[in-house]
file data.txt (compact mmCIF, C-alpha atoms)
# COMPACT_ATOMS: atom_id res chain seq x y z
CA MET Q 189 0.00 0.00 0.00
CA LYS Q 190 2.81 2.37 0.88
CA LYS Q 191 4.55 1.53 -2.41
CA THR Q 192 1.37 2.32 -4.34
CA ALA Q 193 0.99 5.68 -2.60
CA LEU Q 194 4.63 6.52 -3.29
CA PHE Q 195 4.21 5.49 -6.91
CA ASN Q 196 1.17 7.75 -7.27
CA ILE Q 197 3.03 10.72 -5.75
CA LEU Q 198 6.00 10.16 -8.07
CA ALA Q 199 3.66 9.83 -11.06
CA LEU Q 200 1.97 13.13 -10.19
CA LEU Q 201 5.34 14.84 -9.78
CA PHE Q 202 6.46 13.47 -13.15
CA PHE Q 203 3.24 14.63 -14.80
CA TYR Q 204 3.54 18.11 -13.26
CA GLN Q 205 7.17 18.41 -14.35
CA ALA Q 206 6.31 17.29 -17.90
CA PHE Q 207 3.34 19.71 -17.97
CA THR Q 208 5.55 22.56 -16.77
CA GLN Q 209 8.28 21.80 -19.29
CA SER Q 210 5.75 21.58 -22.10
CA ASN Q 211 4.28 24.95 -21.13
CA GLU Q 212 7.74 26.47 -20.89
CA VAL Q 213 8.50 25.44 -24.48
CA LYS Q 214 5.13 26.77 -25.71
CA ILE Q 215 5.54 30.10 -23.91
CA ASP Q 216 9.09 30.54 -25.16
CA SER Q 217 7.98 29.78 -28.73
CA LEU Q 218 5.12 32.26 -28.42
CA ILE Q 219 7.23 35.13 -27.09
CA THR Q 220 10.01 34.36 -29.59
CA ALA Q 221 7.45 34.62 -32.41
CA TYR Q 222 6.39 38.05 -31.16
CA ALA Q 223 10.05 39.07 -30.79
CA ARG Q 224 10.69 38.13 -34.43
CA ILE Q 225 8.02 40.55 -35.61
CA ASN Q 226 9.28 43.30 -33.26
CA LYS Q 227 6.36 43.01 -30.81
CA PHE Q 228 8.34 41.87 -27.76
CA ASN Q 229 11.65 43.11 -26.43
CA GLY Q 230 11.88 42.67 -22.69
CA SER Q 231 11.42 40.33 -19.73
CA ALA Q 232 8.76 37.82 -18.74
CA LEU Q 233 8.04 36.15 -15.39
CA ILE Q 234 5.23 33.62 -15.10
CA LYS Q 235 3.92 31.75 -12.09
CA MET Q 236 1.40 28.94 -11.74
CA ASN Q 237 0.29 27.48 -8.44
CA ASN Q 238 2.42 30.23 -6.89
CA LYS Q 239 5.63 28.76 -8.37
CA ILE Q 240 7.78 30.46 -10.99
CA ILE Q 241 7.54 28.26 -14.08
CA PHE Q 242 9.08 30.67 -16.59
CA LYS Q 243 11.51 33.56 -16.41
CA LYS Q 244 13.34 34.74 -19.48
CA SER Q 245 14.50 37.92 -21.22
CA TYR Q 246 14.64 38.78 -24.91
CA GLY Q 247 16.50 41.45 -26.87
CA LEU Q 248 18.67 44.44 -26.08
CA SER Q 249 18.32 46.91 -23.24
CA ASP Q 250 20.60 49.36 -25.09
CA VAL Q 251 21.30 49.17 -28.82
CA THR Q 252 24.40 51.37 -28.56
CA SER Q 253 26.16 49.32 -25.89
CA LYS Q 254 24.63 46.01 -27.09
CA ASN Q 255 23.66 45.22 -23.48
CA LYS Q 256 21.13 42.43 -23.32
CA ILE Q 257 18.00 42.50 -21.20
CA ASN Q 258 18.09 40.34 -18.06
CA ASP Q 259 15.76 39.73 -15.12
CA GLU Q 260 17.27 42.72 -13.26
CA SER Q 261 16.69 45.11 -16.19
CA VAL Q 262 14.84 48.23 -15.07
CA PHE Q 263 11.82 49.43 -17.07
CA MET Q 264 9.29 52.21 -16.76
CA ILE Q 265 5.94 50.55 -15.97
CA GLY Q 266 3.58 53.39 -16.97
CA SER Q 267 0.01 53.06 -15.74
CA LEU Q 268 0.81 49.95 -13.72
CA THR Q 269 1.82 52.72 -11.27
CA LYS Q 270 -1.90 53.11 -10.55
CA THR Q 271 -1.95 49.83 -8.62
CA PHE Q 272 0.59 51.35 -6.20
CA THR Q 273 -1.31 54.64 -5.95
CA SER Q 274 -4.57 52.82 -5.20
CA ALA Q 275 -2.82 50.64 -2.58
CA ILE Q 276 -1.50 53.72 -0.76
CA VAL Q 277 -4.97 55.31 -0.83
CA LEU Q 278 -6.51 52.10 0.55
CA LYS Q 279 -3.84 52.02 3.27
CA LEU Q 280 -4.78 55.55 4.29
CA ILE Q 281 -8.38 54.36 4.51
CA GLU Q 282 -7.33 51.42 6.72
CA ASN Q 283 -5.47 53.92 8.92
CA ASN Q 284 -8.67 56.02 9.22
CA GLN Q 285 -6.91 58.96 7.57
CA LEU Q 286 -9.24 58.90 4.59
CA SER Q 287 -12.63 57.54 3.54
CA LEU Q 288 -13.94 56.27 0.21
CA GLN Q 289 -16.81 58.72 0.51
CA ASP Q 290 -14.65 61.77 1.30
CA LYS Q 291 -15.29 64.50 -1.26
CA LEU Q 292 -12.67 66.13 -3.44
CA ASN Q 293 -13.52 69.59 -2.10
CA GLN Q 294 -12.31 68.51 1.36
CA PHE Q 295 -8.79 68.66 -0.07
CA PHE Q 296 -9.31 71.21 -2.86
CA PRO Q 297 -12.03 73.60 -1.61
CA ASN Q 298 -12.21 75.52 -4.89
CA TYR Q 299 -12.28 72.53 -7.22
CA PRO Q 300 -15.34 72.83 -9.52
CA ASN Q 301 -17.93 70.17 -8.65
CA GLY Q 302 -15.61 68.96 -5.91
CA ASP Q 303 -18.64 68.36 -3.69
CA LYS Q 304 -19.85 65.68 -6.13
CA ILE Q 305 -16.62 63.73 -6.63
CA THR Q 306 -15.60 61.09 -4.07
CA ILE Q 307 -12.32 59.30 -3.45
CA GLU Q 308 -14.10 56.16 -4.68
CA ASN Q 309 -14.94 57.92 -7.95
CA LEU Q 310 -11.28 58.82 -8.45
CA LEU Q 311 -10.12 55.25 -7.68
CA THR Q 312 -12.60 53.68 -10.09
CA HIS Q 313 -12.35 56.16 -13.00
CA THR Q 314 -15.97 57.23 -12.52
CA SER Q 315 -15.30 60.87 -11.54
CA GLY Q 316 -15.95 62.45 -14.94
CA VAL Q 317 -12.83 64.61 -14.47
CA TYR Q 318 -11.42 65.81 -17.79
CA GLU Q 319 -8.52 63.70 -19.08
CA ILE Q 320 -5.25 65.65 -18.95
CA LEU Q 321 -3.84 63.84 -22.01
CA ASP Q 322 -6.75 65.11 -24.12
CA ASN Q 323 -5.59 68.72 -23.66
CA PRO Q 324 -3.37 69.80 -26.60
CA GLU Q 325 -1.81 72.49 -24.40
CA PHE Q 326 -0.25 69.78 -22.21
CA TYR Q 327 1.98 68.61 -25.06
CA LYS Q 328 3.39 72.10 -25.63
CA ASN Q 329 5.50 71.61 -22.51
CA ASN Q 330 9.03 70.28 -22.64
CA LEU Q 331 8.00 66.95 -21.14
CA GLU Q 332 11.65 65.99 -20.55
CA THR Q 333 12.04 68.67 -17.87
CA LYS Q 334 10.63 68.83 -14.35
CA THR Q 335 7.30 70.38 -13.45
CA ASN Q 336 5.50 71.05 -10.18
CA SER Q 337 2.85 68.38 -9.63
CA TYR Q 338 0.31 71.11 -8.80
CA ASN Q 339 0.91 72.62 -12.23
CA LEU Q 340 -0.68 69.50 -13.70
CA LEU Q 341 -4.00 70.64 -12.26
CA SER Q 342 -4.08 73.61 -14.62
CA TYR Q 343 -4.65 71.30 -17.60
CA PHE Q 344 -7.95 69.90 -16.33
CA ILE Q 345 -9.29 71.76 -13.28
CA GLU Q 346 -11.23 74.34 -15.30
CA LYS Q 347 -12.56 71.85 -17.84
CA PRO Q 348 -16.20 70.74 -17.52
CA LEU Q 349 -16.98 67.26 -16.25
CA SER Q 350 -17.33 64.65 -18.99
CA PHE Q 351 -20.32 63.18 -17.13
CA GLU Q 352 -21.96 63.22 -13.71
CA PRO Q 353 -19.67 61.51 -11.16
CA GLY Q 354 -20.54 57.88 -10.55
CA THR Q 355 -22.62 57.42 -13.71
CA LYS Q 356 -19.98 56.15 -16.18
CA PHE Q 357 -16.50 54.67 -16.49
CA MET Q 358 -13.86 56.72 -18.30
CA TYR Q 359 -10.18 55.95 -17.77
CA SER Q 360 -8.66 59.05 -16.21
CA ASN Q 361 -5.01 59.86 -15.56
CA SER Q 362 -6.28 63.12 -14.08
CA GLY Q 363 -8.15 61.24 -11.37
CA TYR Q 364 -5.00 59.45 -10.27
CA ILE Q 365 -3.03 62.71 -10.34
CA LEU Q 366 -5.58 64.06 -7.86
CA LEU Q 367 -5.13 60.96 -5.70
CA GLY Q 368 -1.36 61.55 -5.65
CA LEU Q 369 -1.87 65.13 -4.51
CA ILE Q 370 -4.30 63.96 -1.80
CA ILE Q 371 -1.72 61.40 -0.59
CA GLU Q 372 0.83 64.22 -0.26
CA LYS Q 373 -1.62 66.47 1.59
CA ILE Q 374 -2.47 63.77 4.14
CA THR Q 375 1.05 62.39 4.72
CA GLY Q 376 3.09 65.58 4.40
CA SER Q 377 5.54 63.67 2.17
CA THR Q 378 6.02 63.60 -1.58
CA TYR Q 379 4.50 60.78 -3.60
CA GLY Q 380 7.97 59.40 -4.36
CA GLU Q 381 8.94 59.46 -0.68
CA ILE Q 382 5.79 57.57 0.32
CA LEU Q 383 6.44 54.90 -2.31
CA HIS Q 384 9.94 54.40 -0.92
CA LYS Q 385 9.02 54.49 2.79
CA TRP Q 386 5.83 52.46 2.64
CA ILE Q 387 6.47 49.94 -0.14
CA PHE Q 388 9.84 49.77 -1.87
CA LYS Q 389 12.10 49.77 1.20
CA PRO Q 390 10.08 47.54 3.59
CA PHE Q 391 9.46 44.92 0.90
CA ASN Q 392 13.00 44.97 -0.51
CA MET Q 393 11.99 46.23 -3.95
CA LYS Q 394 15.51 47.55 -4.37
CA ASN Q 395 15.30 48.19 -8.11
CA SER Q 396 12.03 50.12 -8.04
CA GLY Q 397 11.63 53.86 -7.76
CA TYR Q 398 10.13 57.10 -8.97
CA ASP Q 399 12.65 59.24 -10.92
CA PHE Q 400 13.73 57.16 -13.92
CA VAL Q 401 15.59 59.98 -15.67
CA LYS Q 402 17.96 60.38 -12.70
CA LEU Q 403 18.37 56.63 -12.16
CA SER Q 404 21.97 55.43 -12.35
CA ASN Q 405 21.89 51.67 -12.79
CA GLU Q 406 23.84 49.47 -15.19
CA ASN Q 407 20.63 47.52 -15.85
CA LYS Q 408 18.59 50.59 -16.79
CA ALA Q 409 16.86 49.92 -20.11
CA VAL Q 410 16.70 52.50 -22.89
CA GLY Q 411 13.17 53.09 -24.21
CA TYR Q 412 12.59 52.77 -27.96
CA SER Q 413 9.60 53.91 -29.98
CA HIS Q 414 10.89 51.55 -32.67
CA LEU Q 415 13.38 48.71 -32.41
CA SER Q 416 14.20 46.17 -35.09
CA LYS Q 417 17.23 44.65 -36.78
CA LEU Q 418 17.25 47.38 -39.39
CA LYS Q 419 16.68 50.49 -37.30
CA SER Q 420 16.11 51.82 -33.81
CA THR Q 421 14.51 55.06 -32.63
CA LYS Q 422 14.91 56.20 -29.04
CA ALA Q 423 11.74 57.38 -27.36
CA VAL Q 424 11.40 60.79 -25.77
CA MET Q 425 11.63 60.21 -22.03
CA TRP Q 426 9.01 62.15 -20.11
CA ASP Q 427 10.19 63.38 -16.75
CA SER Q 428 8.50 61.51 -13.90
CA SER Q 429 6.96 64.73 -12.60
CA TYR Q 430 4.68 64.81 -15.67
CA LEU Q 431 3.68 61.15 -15.18
CA TYR Q 432 3.42 61.53 -11.39
CA SER Q 433 1.05 59.18 -9.52
CA SER Q 434 -0.59 57.95 -12.73
CA GLY Q 435 2.49 56.51 -14.44
CA SER Q 436 5.92 57.39 -13.00
CA ILE Q 437 7.25 54.18 -11.40
CA PHE Q 438 10.15 52.09 -12.71
CA SER Q 439 10.68 48.46 -11.71
CA THR Q 440 11.83 44.96 -12.70
CA ILE Q 441 10.07 41.62 -13.14
CA ASN Q 442 11.66 40.40 -9.90
CA ASP Q 443 10.45 43.43 -7.92
CA LEU Q 444 6.96 43.19 -9.41
CA ASN Q 445 6.89 39.55 -8.37
CA LYS Q 446 7.58 40.78 -4.83
CA TRP Q 447 4.69 43.25 -5.24
CA GLN Q 448 2.39 40.38 -6.21
CA LEU Q 449 3.44 38.48 -3.09
CA VAL Q 450 2.90 41.57 -0.93
CA LEU Q 451 -0.66 41.83 -2.24
CA SER Q 452 -1.53 38.13 -2.20
CA LYS Q 453 -0.14 37.54 1.30
CA ASN Q 454 -1.76 40.69 2.73
CA LYS Q 455 1.57 42.15 3.82
CA PHE Q 456 0.55 45.74 3.03
CA LEU Q 457 -3.25 45.69 2.96
CA ASN Q 458 -5.75 43.62 4.95
CA LYS Q 459 -7.40 40.68 3.21
CA SER Q 460 -10.81 42.39 3.29
CA THR Q 461 -9.35 45.51 1.66
CA ILE Q 462 -7.76 43.48 -1.15
CA THR Q 463 -10.98 41.53 -1.64
CA ASN Q 464 -12.91 44.80 -2.04
CA ALA Q 465 -10.26 46.21 -4.41
CA TYR Q 466 -10.79 43.20 -6.69
CA GLN Q 467 -14.58 43.62 -6.79
CA PRO Q 468 -16.02 45.40 -9.85
CA PHE Q 469 -17.25 48.89 -9.06
CA THR Q 470 -18.08 49.17 -12.74
CA LYS Q 471 -18.14 46.16 -15.04
CA GLU Q 472 -14.47 46.56 -15.95
CA TYR Q 473 -12.72 48.17 -12.98
CA GLY Q 474 -12.32 47.89 -9.20
CA TYR Q 475 -10.05 49.95 -6.96
CA GLY Q 476 -6.99 50.37 -9.17
CA TRP Q 477 -7.41 47.16 -11.20
CA PHE Q 478 -9.07 46.09 -14.43
CA LEU Q 479 -11.40 43.12 -13.90
CA ASP Q 480 -12.50 40.62 -16.51
CA THR Q 481 -13.31 36.94 -17.09
CA PHE Q 482 -11.38 34.62 -19.36
CA TYR Q 483 -12.62 31.05 -19.88
CA ASP Q 484 -15.05 31.74 -17.01
CA LYS Q 485 -12.20 32.60 -14.66
CA LYS Q 486 -11.74 35.92 -12.91
CA VAL Q 487 -8.82 37.93 -14.29
CA ILE Q 488 -7.26 40.87 -12.42
CA SER Q 489 -4.88 43.00 -14.44
CA HIS Q 490 -3.33 46.33 -15.26
CA GLY Q 491 -1.10 47.46 -18.08
CA GLY Q 492 1.04 50.47 -18.75
CA ASN Q 493 1.87 52.22 -22.02
CA LEU Q 494 4.42 54.95 -22.54
CA ASP Q 495 6.38 55.97 -25.58
CA GLY Q 496 9.29 53.51 -25.28
CA PHE Q 497 7.97 51.25 -22.50
CA THR Q 498 5.07 48.86 -22.02
CA SER Q 499 4.03 46.69 -19.08
CA TYR Q 500 1.37 44.09 -18.34
CA PHE Q 501 0.62 42.48 -14.97
CA VAL Q 502 -2.16 39.89 -14.76
CA GLN Q 503 -3.42 37.46 -12.12
CA VAL Q 504 -5.84 34.53 -12.37
CA PRO Q 505 -6.52 33.78 -8.68
CA GLU Q 506 -8.36 30.48 -9.20
CA ASN Q 507 -5.27 28.91 -10.80
CA LYS Q 508 -2.77 31.02 -8.86
CA ILE Q 509 -1.42 32.36 -12.14
CA THR Q 510 0.64 35.55 -12.34
CA ILE Q 511 2.09 36.93 -15.57
CA ILE Q 512 4.47 39.90 -15.57
CA LEU Q 513 5.66 41.30 -18.90
CA LEU Q 514 7.94 44.34 -19.30
CA ASN Q 515 9.12 45.83 -22.61
CA ASN Q 516 11.44 48.69 -23.53
CA ILE Q 517 9.57 49.24 -26.78
CA THR Q 518 6.24 50.83 -27.59
CA ASN Q 519 3.99 47.79 -27.97
CA THR Q 520 0.20 47.72 -28.13
CA LYS Q 521 0.15 43.90 -28.27
CA LEU Q 522 1.46 43.09 -24.79
CA GLU Q 523 -1.99 42.36 -23.38
CA ASN Q 524 -2.59 39.92 -26.27
CA ILE Q 525 0.61 38.10 -25.36
CA GLY Q 526 -0.41 37.88 -21.70
CA ASN Q 527 -3.86 36.51 -22.54
CA THR Q 528 -2.39 33.96 -24.93
CA ILE Q 529 -0.08 32.75 -22.15
CA ILE Q 530 -3.16 32.27 -19.96
CA SER Q 531 -4.63 30.10 -22.74
CA ILE Q 532 -1.46 27.99 -22.78
CA LEU Q 533 -1.50 27.52 -19.01
CA LEU Q 534 -5.20 26.55 -19.05
CA ASN Q 535 -4.57 24.13 -21.94
CA LYS Q 536 -6.85 26.10 -24.26
CA PRO Q 537 -6.38 26.70 -28.01
CA TYR Q 538 -4.22 29.65 -29.03
CA ASN Q 539 -2.58 31.17 -32.08
CA THR Q 540 1.08 31.96 -32.66
CA PRO Q 541 1.57 35.25 -34.54
CA ARG Q 542 2.88 35.19 -38.07
CA PRO Q 543 4.05 38.08 -40.24
CA PRO Q 544 1.09 39.35 -42.26
CA LYS Q 545 0.87 38.19 -45.87
CA ALA Q 546 0.70 40.82 -48.57
CA MET Q 547 -2.17 40.74 -51.04
CA LEU Q 548 -1.92 41.86 -54.65
CA LEU Q 549 -3.75 45.03 -55.61
CA ASP Q 550 -5.47 45.83 -58.86
CA GLU Q 551 -4.51 48.79 -61.00
CA LEU Q 552 -7.49 50.98 -60.02
CA THR Q 553 -6.83 50.56 -56.28
CA ILE Q 554 -3.16 51.47 -56.72
CA GLN Q 555 -4.12 54.60 -58.67
CA LYS Q 556 -6.56 55.74 -55.97
CA LEU Q 557 -4.01 55.36 -53.16
CA THR Q 558 -1.07 57.18 -54.74
CA GLY Q 559 -0.71 60.88 -54.04
CA THR Q 560 0.35 63.41 -51.42
CA TYR Q 561 -1.14 63.67 -47.92
CA ASP Q 562 -0.71 66.66 -45.60
CA VAL Q 563 -0.46 65.68 -41.93
CA SER Q 564 0.78 69.10 -40.81
CA SER Q 565 2.76 72.04 -42.14
CA ASN Q 566 6.02 70.17 -41.55
CA TYR Q 567 4.87 66.56 -42.07
CA GLN Q 568 3.95 65.50 -45.59
CA VAL Q 569 3.50 61.94 -46.78
CA GLN Q 570 3.84 60.78 -50.37
CA VAL Q 571 2.49 57.43 -51.54
CA LEU Q 572 4.39 56.49 -54.69
CA ARG Q 573 4.16 53.61 -57.11
CA GLU Q 574 6.69 51.60 -59.06
CA GLU Q 575 4.85 49.16 -61.30
CA LYS Q 576 2.72 47.05 -58.91
CA HIS Q 577 4.61 48.20 -55.79
CA LEU Q 578 3.64 51.05 -53.43
CA PHE Q 579 6.11 53.13 -51.42
CA TYR Q 580 5.69 55.48 -48.44
CA LYS Q 581 7.83 58.61 -48.10
CA VAL Q 582 7.79 61.22 -45.29
CA ASN Q 583 9.20 64.64 -46.24
CA ASP Q 584 12.75 64.08 -47.53
CA ASP Q 585 13.23 60.67 -45.91
CA ALA Q 586 14.02 57.59 -47.96
CA LYS Q 587 11.01 55.81 -49.42
CA ILE Q 588 9.88 52.54 -47.79
CA GLU Q 589 7.87 49.84 -49.53
CA ILE Q 590 4.45 49.17 -48.03
CA TYR Q 591 2.41 45.97 -48.34
CA ALA Q 592 -1.35 45.47 -48.35
CA LYS Q 593 -3.15 43.52 -45.64
CA ASN Q 594 -6.29 44.49 -47.54
CA GLU Q 595 -7.31 47.30 -49.88
CA ASN Q 596 -7.28 49.90 -47.09
CA THR Q 597 -4.67 48.73 -44.55
CA PHE Q 598 -0.93 48.48 -45.19
CA PHE Q 599 2.14 47.43 -43.22
CA MET Q 600 5.90 47.71 -43.49
CA LYS Q 601 8.30 44.82 -43.09
CA ASP Q 602 10.49 45.11 -40.00
CA ASP Q 603 8.45 48.05 -38.70
CA ASP Q 604 5.47 48.40 -36.37
CA THR Q 605 3.86 51.15 -38.46
CA GLU Q 606 0.38 50.53 -39.86
CA ILE Q 607 -1.09 52.74 -42.58
CA VAL Q 608 -4.83 53.02 -43.11
CA PHE Q 609 -6.44 54.78 -46.07
CA VAL Q 610 -9.89 56.28 -45.51
CA LYS Q 611 -12.19 56.42 -48.53
CA ASP Q 612 -15.41 58.23 -49.32
CA ASP Q 613 -18.64 56.60 -50.52
CA ASP Q 614 -17.34 56.61 -54.10
CA GLY Q 615 -14.20 54.70 -53.15
CA ASN Q 616 -11.88 57.67 -53.55
CA THR Q 617 -9.11 58.01 -50.95
CA ARG Q 618 -9.53 61.13 -48.78
CA LYS Q 619 -7.30 60.59 -45.73
CA ILE Q 620 -4.37 58.62 -44.44
CA ILE Q 621 -3.97 57.41 -40.84
CA ILE Q 622 -0.45 56.49 -39.71
CA LYS Q 623 -0.44 54.28 -36.62
CA GLN Q 624 2.93 54.10 -34.87
CA GLY Q 625 2.79 52.53 -31.42
CA LEU Q 626 0.50 54.71 -29.30
CA SER Q 627 0.55 57.58 -31.81
CA ASN Q 628 -1.91 58.20 -34.65
CA LYS Q 629 -1.24 60.81 -37.32
CA ILE Q 630 -3.97 61.81 -39.76
CA GLY Q 631 -3.43 63.54 -43.11
CA ASP Q 632 -5.75 64.83 -45.82
CA LYS Q 633 -5.08 63.91 -49.42
CA VAL Q 634 -3.99 66.86 -51.53
CA LYS Q 635 -6.18 67.22 -54.59

call {"tool": "encode", "arguments": {"input": "data.txt", "output": "structure tokens"}}
result
Amino acid sequence: MKKTALFNILALLFFYQAFTQSNEVKIDSLITAYARINKFNGSALIKMNNKIIFKKSYGLSDVTSKNKINDESVFMIGSLTKTFTSAIVLKLIENNQLSLQDKLNQFFPNYPNGDKITIENLLTHTSGVYEILDNPEFYKNNLETKTNSYNLLSYFIEKPLSFEPGTKFMYSNSGYILLGLIIEKITGSTYGEILHKWIFKPFNMKNSGYDFVKLSNENKAVGYSHLSKLKSTKAVMWDSSYLYSSGSIFSTINDLNKWQLVLSKNKFLNKSTITNAYQPFTKEYGYGWFLDTFYDKKVISHGGNLDGFTSYFVQVPENKITIILLNNITNTKLENIGNTIISILLNKPYNTPRPPKAMLLDELTIQKLTGTYDVSSNYQVQVLREEKHLFYKVNDDAKIEIYAKNENTFFMKDDDTEIVFVKDDDGNTRKIIIKQGLSNKIGDKVK
């Protein structure tokens, strides 16, 4: 009987090891496929049943020095910062220094409609506060230099509410900027100081911090708006003071794994607080976390997108799955990668990405697409033809061949740029949309 029990235990261990190894190969193949098409350049850490089953890095942290990314490489994490901001706010509530129902005008007496907006509204993106990144005046700043966090208020405080607080969900960096300012008012410390004193230092997150521009670390990754074998373009690094409590933190996959353990083991917040944070206030969001279901399983996640850096952090509590992905490239596909990894771990069907195939265009379509498009006074795009081939040329730059996914959407080989042509009811091309990472440029066709 004892031999049978031992045999069964060994068989289960063998099966688990084989399952883990199989998943490791599948995950590596998946991420490698994305890396080949310039959609992944960074680090990945994956846990199942609370054990690390995969940790690997891909690509270069610095093209100039040829330094490779490793598991101590430091990345900006963008809006994943919001999970830290919400945790600090919830800690203040546990300490009876703040309440979910406290009104904004208690901290900013002259804030318009501040008597309608609660802390809970700010946490859950239901405040209706105008989005700072929608204000064109914001981008006229030199975003690489420092600003006073209170100056950020000037870009949204006088704008009307987008809706009545509590009635809708609208993702709002402005709301989390307000939460950062409230944290500072209550604690008497800066947002960066609170992060260090309350979270990074006590939980040994030694490679996490607030001011990425000033960071001196041999593992500091350079951010790229484009990175491929043929070319690389460094991203403009916003100073952390402009990102503030909505997107300023830098970290590593190892430190973010520690953050996951801090949350799951209730080392910073009480279990009841975490449970409430993971409950949907609106269909898609709780207190600082996106909430969804995938194969009927609850999924808790948050991503971060900056020019030059992308992050994705996802948990599936039922299966004790955690996926942490960090890139030093602009990448809008990171969430897709994370969700595909979940499919692998749950033994569900999934697709491996392949480079898009080009379709052949007829003569009339080619004729309608060629021409000149004005994006701005200093940004002009020409679409040229050579026999059956189309080329894309910006100002005096070299021309680049473009390939058709379909009659309206085109791609470039070895580049993340997507080009969409907008036609009128008669099929004549009127506009061009150039999608590069998080940026869209729109140009009118010159008659």

call {"tool": "residues_near_point", "arguments": {"input": "data.txt", "point": "(-1.6, 69.3, -40.4)", "cutoff": "10 Å", "atoms": "all atoms listed in the file", "output": "PyMOL selection string"}}
result
chain Q and resi 561-568+629-632

call {"tool": "residues_near_point", "arguments": {"input": "data.txt", "point": "(7.4, 46.2, -14.7)", "cutoff": "8 Å", "atoms": "all atoms listed in the file", "output": "list of chain:residue names"}}
result
Q:Val262, Q:Phe263, Q:Met264, Q:Ile265, Q:Leu268, Q:Phe438, Q:Ser439, Q:Thr440, Q:Ile441, Q:Asp443, Q:Leu444, Q:Ser499, Q:Tyr500, Q:Phe501, Q:Ile512, Q:Leu513, Q:Leu514

call {"tool": "closest_residue", "arguments": {"input": "data.txt", "among": "Q:Lys455, Q:Lys270, Q:Lys235, Q:Lys214", "to": "Gly492 of chain Q", "atoms": "all atoms listed in the file"}}
result
Q:Lys270

call {"tool": "residues_around", "arguments": {"input": "data.txt", "residues": "segment 587-601 of chain Q", "least_positions_apart": "4", "cutoff": "12 Å", "atoms": "all atoms listed in the file", "output": "PyMOL selection string"}}
result
chain Q and resi 224-226+416-419+543-558+569-574+576-583+605-612+615-624

call {"tool": "closest_atom_pairs", "arguments": {"input": "data.txt", "of": "segment 330-368 of chain Q", "to": "segment 424-432 of chain Q", "cutoff": "6 Å", "atoms": "all atoms listed in the file", "output": "JSON lines"}}
result
{"residue": "Q:Leu331", "atom": "CA", "partner": "Q:Trp426", "partner_atom": "CA", "distance": 5.0}
{"residue": "Q:Glu332", "atom": "CA", "partner": "Q:Trp426", "partner_atom": "CA", "distance": 4.7}
{"residue": "Q:Thr333", "atom": "CA", "partner": "Q:Asp427", "partner_atom": "CA", "distance": 5.7}
{"residue": "Q:Lys334", "atom": "CA", "partner": "Q:Ser429", "partner_atom": "CA", "distance": 5.8}
{"residue": "Q:Thr335", "atom": "CA", "partner": "Q:Ser429", "partner_atom": "CA", "distance": 5.7}

call {"tool": "residues_around", "arguments": {"input": "data.txt", "residues": "Phe482 of chain Q", "least_positions_apart": "4", "cutoff": "10 Å", "atoms": "all atoms listed in the file", "output": "PDB file with C-alpha atoms, in the coordinates of the input"}}
result
ATOM      1  CA  LYS Q 486     -11.740  35.920 -12.910  1.00  0.00           C
ATOM      2  CA  VAL Q 487      -8.820  37.930 -14.290  1.00  0.00           C
ATOM      3  CA  VAL Q 504      -5.840  34.530 -12.370  1.00  0.00           C
ATOM      4  CA  ASN Q 527      -3.860  36.510 -22.540  1.00  0.00           C
ATOM      5  CA  ILE Q 530      -3.160  32.270 -19.960  1.00  0.00           C
ATOM      6  CA  SER Q 531      -4.630  30.100 -22.740  1.00  0.00           C
TER       7      SER Q 531
END

call {"tool": "residues_around", "arguments": {"input": "data.txt", "residues": "segment 318-324 of chain Q", "least_positions_apart": "2", "cutoff": "7 Å", "atoms": "all atoms listed in the file", "output": "list in words"}}
result
Gly316, Phe326, Tyr327, Tyr343, Phe344, Lys347, Pro348, Leu349, Ser350, Ser360, Asn361 and Ser362 of chain Q

call {"tool": "write_last_selection", "arguments": {"input": "data.txt", "atoms": "C-alpha atoms", "output": "PDB file, in the frame of the given file"}}
result
ATOM      1  CA  GLY Q 316     -15.950  62.450 -14.940  1.00  0.00           C
ATOM      2  CA  PHE Q 326      -0.250  69.780 -22.210  1.00  0.00           C
ATOM      3  CA  TYR Q 327       1.980  68.610 -25.060  1.00  0.00           C
ATOM      4  CA  TYR Q 343      -4.650  71.300 -17.600  1.00  0.00           C
ATOM      5  CA  PHE Q 344      -7.950  69.900 -16.330  1.00  0.00           C
ATOM      6  CA  LYS Q 347     -12.560  71.850 -17.840  1.00  0.00           C
ATOM      7  CA  PRO Q 348     -16.200  70.740 -17.520  1.00  0.00           C
ATOM      8  CA  LEU Q 349     -16.980  67.260 -16.250  1.00  0.00           C
ATOM      9  CA  SER Q 350     -17.330  64.650 -18.990  1.00  0.00           C
ATOM     10  CA  SER Q 360      -8.660  59.050 -16.210  1.00  0.00           C
ATOM     11  CA  ASN Q 361      -5.010  59.860 -15.560  1.00  0.00           C
ATOM     12  CA  SER Q 362      -6.280  63.120 -14.080  1.00  0.00           C
TER      13      SER Q 362
END

call {"tool": "atom_distance", "arguments": {"input": "data.txt", "atom1": "atom CA of Asn238 of chain Q", "atom2": "atom CA of Thr510 of chain Q"}}
result
7.8 Å

call {"tool": "closest_atom_pairs", "arguments": {"input": "data.txt", "of": "segment 299-367 of chain Q", "to": "segment 376-400 of chain Q", "cutoff": "12 Å", "atoms": "only C-alpha atoms", "output": "Markdown table"}}
result
| residue | atom | partner | partner_atom | distance |
| --- | --- | --- | --- | --- |
| Q:Glu332 | CA | Q:Phe400 | CA | 11.2 |
| Q:Thr333 | CA | Q:Asp399 | CA | 11.7 |
| Q:Lys334 | CA | Q:Asp399 | CA | 10.4 |
| Q:Asn336 | CA | Q:Thr378 | CA | 11.4 |
| Q:Ser337 | CA | Q:Tyr379 | CA | 9.8 |
| Q:Tyr338 | CA | Q:Thr378 | CA | 11.9 |
| Q:Tyr364 | CA | Q:Tyr379 | CA | 11.7 |
| Q:Ile365 | CA | Q:Tyr379 | CA | 10.3 |
| Q:Leu366 | CA | Q:Tyr379 | CA | 11.4 |
| Q:Leu367 | CA | Q:Tyr379 | CA | 9.9 |
